[in-house]
Every structure is written in C-alpha cells, then in structure tokens.
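Enquirer: This is structure.cif (mmCIF, C-alpha atoms).
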data_start
loop_
_atom_site.label_atom_id
_atom_site.label_comp_id
_atom_site.auth_asym_id
_atom_site.auth_seq_id
_atom_site.Cartn_x
_atom_site.Cartn_y
_atom_site.Cartn_z
CA MET G 1033 -106.63 -36.78 -46.07
CA SER G 1034 -105.88 -34.58 -49.00
CA PRO G 1035 -108.22 -34.96 -51.97
CA TYR G 1036 -105.08 -34.84 -54.14
CA LEU G 1037 -103.53 -37.84 -52.43
CA LYS G 1038 -105.21 -41.09 -53.32
CA ILE G 1039 -103.61 -44.45 -52.68
CA ASP G 1040 -105.13 -47.15 -54.85
CA VAL G 1041 -104.75 -49.99 -52.36
CA ILE G 1042 -107.15 -52.28 -54.21
CA GLU G 1043 -104.63 -52.64 -57.07
CA ASN G 1044 -102.01 -54.04 -54.68
CA SER G 1045 -102.16 -57.85 -54.79
CA ASP G 1046 -100.77 -58.26 -51.24
CA ILE G 1047 -103.53 -56.08 -49.87
CA LYS G 1048 -106.14 -57.88 -52.00
CA ASN G 1049 -105.01 -61.23 -50.61
CA ILE G 1050 -105.04 -59.98 -47.02
CA ALA G 1051 -108.51 -58.50 -47.52
CA ALA G 1052 -109.74 -61.83 -48.89
CA LEU G 1053 -108.41 -63.61 -45.81
CA MET G 1054 -110.12 -61.04 -43.61
CA ALA G 1055 -113.42 -61.63 -45.39
CA THR G 1056 -113.05 -65.38 -44.91
CA GLU G 1057 -112.32 -65.00 -41.20
CA ALA G 1058 -115.21 -62.58 -40.71
CA LYS G 1059 -117.78 -64.78 -42.52
CA ALA G 1060 -117.25 -67.93 -40.48
CA PRO G 1061 -116.25 -67.27 -36.87
CA ARG G 1062 -113.80 -69.92 -35.72
CA CYS G 1063 -111.44 -70.51 -32.87
CA GLY G 1064 -108.73 -67.85 -33.00
CA GLY G 1065 -110.69 -65.80 -35.54
CA GLU G 1066 -110.55 -62.54 -33.59
CA PHE G 1067 -106.80 -62.94 -33.12
CA ALA G 1068 -106.37 -63.64 -36.85
CA LEU G 1069 -108.49 -60.63 -37.85
CA ASN G 1070 -106.44 -58.34 -35.61
CA ARG G 1071 -103.16 -59.55 -37.15
CA LEU G 1072 -104.58 -59.23 -40.67
CA CYS G 1073 -105.60 -55.64 -39.90
CA ASP G 1074 -102.04 -54.98 -38.78
CA LEU G 1075 -100.75 -56.44 -42.06
CA ILE G 1076 -103.09 -54.25 -44.10
CA VAL G 1077 -101.86 -51.12 -42.31
CA VAL G 1078 -98.21 -52.12 -42.78
CA ASN G 1079 -98.77 -52.74 -46.50
CA ILE G 1080 -100.58 -49.44 -46.99
CA LEU G 1081 -97.73 -47.59 -45.27
CA ARG G 1082 -95.15 -49.47 -47.35
CA ASN G 1083 -97.01 -48.52 -50.54
CA HIS G 1084 -97.22 -44.92 -49.46
CA VAL G 1085 -93.55 -44.68 -48.55
CA ALA G 1086 -92.58 -46.32 -51.86
CA SER G 1087 -94.82 -44.03 -53.91
CA GLU G 1088 -93.49 -40.98 -55.71
CA ILE G 1089 -95.64 -38.72 -53.57
CA SER G 1090 -94.37 -39.83 -50.16
CA GLU G 1091 -92.33 -37.44 -48.06
CA PRO G 1092 -89.50 -39.30 -46.31
CA ARG G 1093 -89.88 -37.63 -42.91
CA MET G 1094 -93.59 -36.89 -43.12
CA PHE G 1095 -94.33 -39.72 -40.68
CA THR G 1096 -91.95 -38.22 -38.11
CA GLY G 1097 -93.95 -34.99 -38.30
CA LEU G 1098 -97.20 -36.91 -38.02
CA ALA G 1099 -95.93 -38.70 -34.92
CA HIS G 1100 -95.23 -35.41 -33.14
CA LEU G 1101 -98.09 -34.44 -30.84
CA LYS G 1102 -98.21 -30.81 -32.03
CA LEU G 1103 -96.55 -30.82 -35.46
CA LYS G 1104 -99.01 -33.39 -36.79
CA ASN G 1105 -101.69 -30.68 -36.94
CA VAL G 1106 -99.50 -28.65 -39.29
CA VAL G 1107 -98.47 -31.57 -41.51
CA VAL G 1108 -102.10 -32.67 -41.86
CA ALA G 1109 -103.23 -29.10 -42.62
CA ILE G 1110 -100.57 -28.72 -45.33
CA HIS G 1111 -101.63 -32.00 -46.91
CA ASP G 1112 -105.33 -31.20 -46.65
CA ASP G 1113 -105.06 -27.71 -48.14
CA PRO G 1114 -101.81 -27.32 -50.10
CA GLY G 1115 -103.10 -24.38 -52.13
CA ARG G 1116 -103.84 -22.18 -49.12
CA ASN G 1117 -101.78 -19.03 -48.59
CA TRP G 1118 -100.06 -20.44 -45.50
CA GLN G 1119 -98.06 -18.22 -43.17
CA ILE G 1120 -95.83 -19.26 -40.28
CA GLU G 1121 -98.36 -17.70 -37.92
CA ASN G 1122 -101.00 -20.15 -39.18
CA PHE G 1123 -98.66 -23.03 -38.44
CA THR G 1124 -97.70 -21.84 -34.97
CA ALA G 1125 -101.38 -21.41 -34.09
CA LEU G 1126 -102.18 -24.94 -35.31
CA ALA G 1127 -99.26 -26.36 -33.35
CA GLY G 1128 -99.93 -24.24 -30.25
CA MET G 1129 -96.25 -23.37 -30.07
CA SER G 1130 -94.10 -20.27 -30.07
CA ARG G 1131 -92.55 -19.37 -33.41
CA SER G 1132 -89.00 -20.24 -32.33
CA GLN G 1133 -90.01 -23.55 -30.72
CA PHE G 1134 -92.16 -24.50 -33.71
CA MET G 1135 -89.45 -23.71 -36.27
CA ALA G 1136 -86.78 -25.60 -34.33
CA GLU G 1137 -88.94 -28.69 -33.79
CA PHE G 1138 -90.32 -28.74 -37.34
CA VAL G 1139 -86.86 -28.57 -38.90
CA SER G 1140 -85.54 -31.16 -36.44
CA ASP G 1141 -88.39 -33.63 -36.98
CA VAL G 1142 -89.34 -33.07 -40.62
CA GLY G 1143 -85.92 -32.13 -41.98
CA LYS G 1144 -86.80 -28.84 -43.64
CA THR G 1145 -88.55 -25.60 -42.83
CA PRO G 1146 -92.35 -25.63 -42.95
CA ILE G 1147 -92.37 -23.35 -46.00
CA ALA G 1148 -89.83 -25.57 -47.80
CA TYR G 1149 -91.95 -28.61 -46.89
CA LEU G 1150 -95.08 -26.87 -48.23
CA LYS G 1151 -93.34 -25.88 -51.47
CA HIS G 1152 -91.99 -29.37 -51.98
CA TRP G 1153 -95.42 -30.91 -51.32
CA ARG G 1154 -97.12 -28.51 -53.73
CA ILE G 1155 -94.69 -29.16 -56.57
CA ARG G 1156 -94.99 -32.93 -56.15
CA LEU G 1157 -98.79 -32.76 -56.25
CA ALA G 1158 -98.63 -30.41 -59.23
CA HIS G 1159 -96.29 -32.80 -61.04
CA ILE G 1160 -98.77 -35.64 -60.58
CA ALA G 1161 -101.68 -33.45 -61.71
CA ILE G 1162 -99.82 -32.51 -64.90
CA GLN G 1163 -98.98 -36.16 -65.54
CA LYS G 1164 -102.71 -36.85 -65.36
CA GLY G 1165 -103.33 -34.19 -68.00
CA ASP G 1166 -104.46 -31.18 -65.93
CA ARG G 1167 -103.88 -27.75 -67.47
CA ILE G 1168 -100.80 -25.94 -66.15
CA LYS G 1169 -102.74 -22.78 -65.38
CA ASP G 1170 -105.29 -24.76 -63.35
CA VAL G 1171 -102.57 -26.66 -61.51
CA ALA G 1172 -100.77 -23.42 -60.67
CA SER G 1173 -103.92 -21.91 -59.21
CA ARG G 1174 -104.92 -25.05 -57.31
CA PHE G 1175 -101.56 -25.37 -55.59
CA GLY G 1176 -101.07 -21.77 -54.52
CA TYR G 1177 -98.91 -20.30 -57.27
CA SER G 1178 -99.61 -16.70 -58.22
CA SER G 1179 -99.44 -17.48 -61.94
CA GLY G 1180 -98.62 -20.13 -64.49
CA ASP G 1181 -95.23 -18.47 -64.98
CA ALA G 1182 -94.44 -18.60 -61.25
CA PHE G 1183 -95.37 -22.26 -61.22
CA SER G 1184 -93.32 -22.98 -64.35
CA ARG G 1185 -90.23 -21.37 -62.75
CA ALA G 1186 -90.69 -23.45 -59.58
CA TYR G 1187 -91.23 -26.58 -61.64
CA LEU G 1188 -88.15 -25.90 -63.76
CA SER G 1189 -85.96 -25.39 -60.69
CA THR G 1190 -87.25 -28.64 -59.15
CA TYR G 1191 -87.42 -30.96 -62.15
CA GLY G 1192 -84.95 -29.33 -64.56
CA ALA G 1193 -87.52 -28.98 -67.32
CA ALA G 1194 -90.61 -26.94 -68.04
CA PRO G 1195 -93.91 -28.58 -67.05
CA THR G 1196 -94.98 -28.52 -70.70
CA MET G 1197 -92.14 -30.96 -71.44
CA LEU G 1198 -93.77 -33.53 -69.17
CA ARG G 1199 -96.66 -33.91 -71.56
CA SER G 1200 -94.44 -34.43 -74.58
CA VAL G 1201 -92.50 -37.18 -72.77
CA GLU G 1202 -95.50 -39.02 -71.29
CA PRO G 1203 -97.36 -41.53 -73.44
CA PRO G 1204 -100.94 -40.52 -74.36
#
Once you've parsed the file, please lay out its structure as structure tokens.

Expert:
Amino acid sequence: MSPYLKIDVIENSDIKNIAALMATEAKAPRCGGEFALNRLCDLIVVNILRNHVASEISEPRMFTGLAHLKLKNVVVAIHDDPGRNWQIENFTALAGMSRSQFMAEFVSDVGKTPIAYLKHWRIRLAHIAIQKGDRIKDVASRFGYSSGDAFSRAYLSTYGAAPTMLRSVEPP
C-alpha cells in the first residue's frame, strides 16, 4: 500500500464497535464463536472498503482494475510509487500483456488511460499533501512533476485554482 494513502480506520466508530465485538469473541471462546469472528471480519472489511470509496482519495473504478488478474499489478505499482517516471512499457511488462491489449483492457476496466489514471492519482495525493501543509516544491518533486511550475499548472487545470490558494482557504 502506498505510504501516501493512509486510512484511519480506528477513528470510525462502526469499525471500533466491530473490533470490540471481535475482541470479546476472541477472549472467551463460546459456541458459535468462530462463526461470529468470521462474520465480524467480513464486516470490518466491508466497512474499510466503504470508508475508502467514500474518501476523497478513492478512485471510482480502482477496484475494477484491482480485480483484474493482470491489471492489478499496474494499479498497485502506480499507488505504491506515484512519483516514478512511469512509461507504458513499464506497465505492459508488469501486466505481462501486449501494448494494444493492455491499453484496451485498462481503459475498459479502469475508465481512463493508464497515464491519465496516474496523473489523476498524483494530483489527488498532491492535493492532500498540500492540505496537510507540505511545501509545493516538495510535493511537486515527490509526485513526479518536473518543477513546481509544472505542478502548479496541473493543479490549476484540475482544481481551478493555484495550489497556494489552498493554504489561504484552509483553517490553520
């Protein structure tokens, strides 16, 4: 999982409650305990996925890409290393597919080209980093932009405002 993507599941009260029930079931084995623990695990996973899908950072068709036997390698790689200088050849090698097959299946399953997906992922992560107070120059470098100006142009075209405006709008 990407070091830039952190889901704070402990803050979610539903997940806290489910975890407490799991702890209770695990401490005192009772009739039906294993069945209950398995269902509670299912509920935790469902709640984590719901939180992720509802979060600002979630990509709507990311899970479709992750479900694909070969494309999942590319989606995971993009999320693990968004700042890398990715080329289509890197993606086709990870997927073990021809360029034409890879491009067709990626667009069909994920809904955009791999480069568009990468750009969108980078700008979303960068937006979150700036909200947290990271310097624009550092964010640009971390997420694969050639300069702060290149990042600012990409940010402006995505969000309709310069990244410096984000800081003036956000509370301290």

Enquirer: Please measure the separation of CA of Val1107 (chain G) and CA of Lys1048 (chain G), giving the value in Å to one decimal.

Expert: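 Computing the Euclidean distance for CA of Val1107 (chain G) and CA of Lys1048 (chain G) yields 29.3 Å.
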
Enquirer: Between CA of Ile1168 (chain G) and CA of Arg1185 (chain G), measure the distance and give it in Å to one decimal.

Expert: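 Separation of CA of Ile1168 (chain G) and CA of Arg1185 (chain G): 12.0 Å.
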
Enquirer: At most 12 Å is the cut-off: for each residue in region 1145-1179 of chain G with any atom that close to an atom of region 1118-1132 of chain G, write down the nearest atom pair and the distance in Å rounded to one decimal, counting all atoms listed in the file, chain first then increasing number, as JSON lines.

Expert:
{"residue": "G:Thr1145", "atom": "CA", "partner": "G:Ile1120", "partner_atom": "CA", "distance": 10.0}
{"residue": "G:Pro1146", "atom": "CA", "partner": "G:Ile1120", "partner_atom": "CA", "distance": 7.7}
{"residue": "G:Ile1147", "atom": "CA", "partner": "G:Ile1120", "partner_atom": "CA", "distance": 7.8}
{"residue": "G:Ala1148", "atom": "CA", "partner": "G:Ile1120", "partner_atom": "CA", "distance": 11.5}
{"residue": "G:Tyr1149", "atom": "CA", "partner": "G:Trp1118", "partner_atom": "CA", "distance": 11.6}
{"residue": "G:Leu1150", "atom": "CA", "partner": "G:Trp1118", "partner_atom": "CA", "distance": 8.6}
{"residue": "G:Lys1151", "atom": "CA", "partner": "G:Trp1118", "partner_atom": "CA", "distance": 10.5}
{"residue": "G:Arg1154", "atom": "CA", "partner": "G:Trp1118", "partner_atom": "CA", "distance": 11.9}
{"residue": "G:Phe1175", "atom": "CA", "partner": "G:Trp1118", "partner_atom": "CA", "distance": 11.3}
{"residue": "G:Gly1176", "atom": "CA", "partner": "G:Trp1118", "partner_atom": "CA", "distance": 9.2}
{"residue": "G:Tyr1177", "atom": "CA", "partner": "G:Trp1118", "partner_atom": "CA", "distance": 11.8}

Enquirer: CA of Ile1162 (chain G) and CA of Met1197 (chain G), how far apart in Å?

Expert: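 If I compute the distance from CA of Met1197 (chain G) to CA of Ile1162 (chain G), I get 10.2 Å.
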
Enquirer: Would you compute the box with edges along x, y and z of the file around region 1117-1136 of chain G, including every atom the file lists for it and 4 Å extra on each side, and give its centre and edge lengths in Å to one decimal, as JSON?

Expert:
{"center_x": -94.5, "center_y": -22.0, "center_z": -39.3, "size_x": 23.4, "size_y": 16.7, "size_z": 26.5}

Enquirer: What's the 10 Å shell around region 1140-1144 of chain G, counting only C-alpha atoms, without same-chain residues fewer than 6 positions away, as a ChimeraX atom specification?

Expert: /G:1091-1100,1103,1107,1134,1150,1152
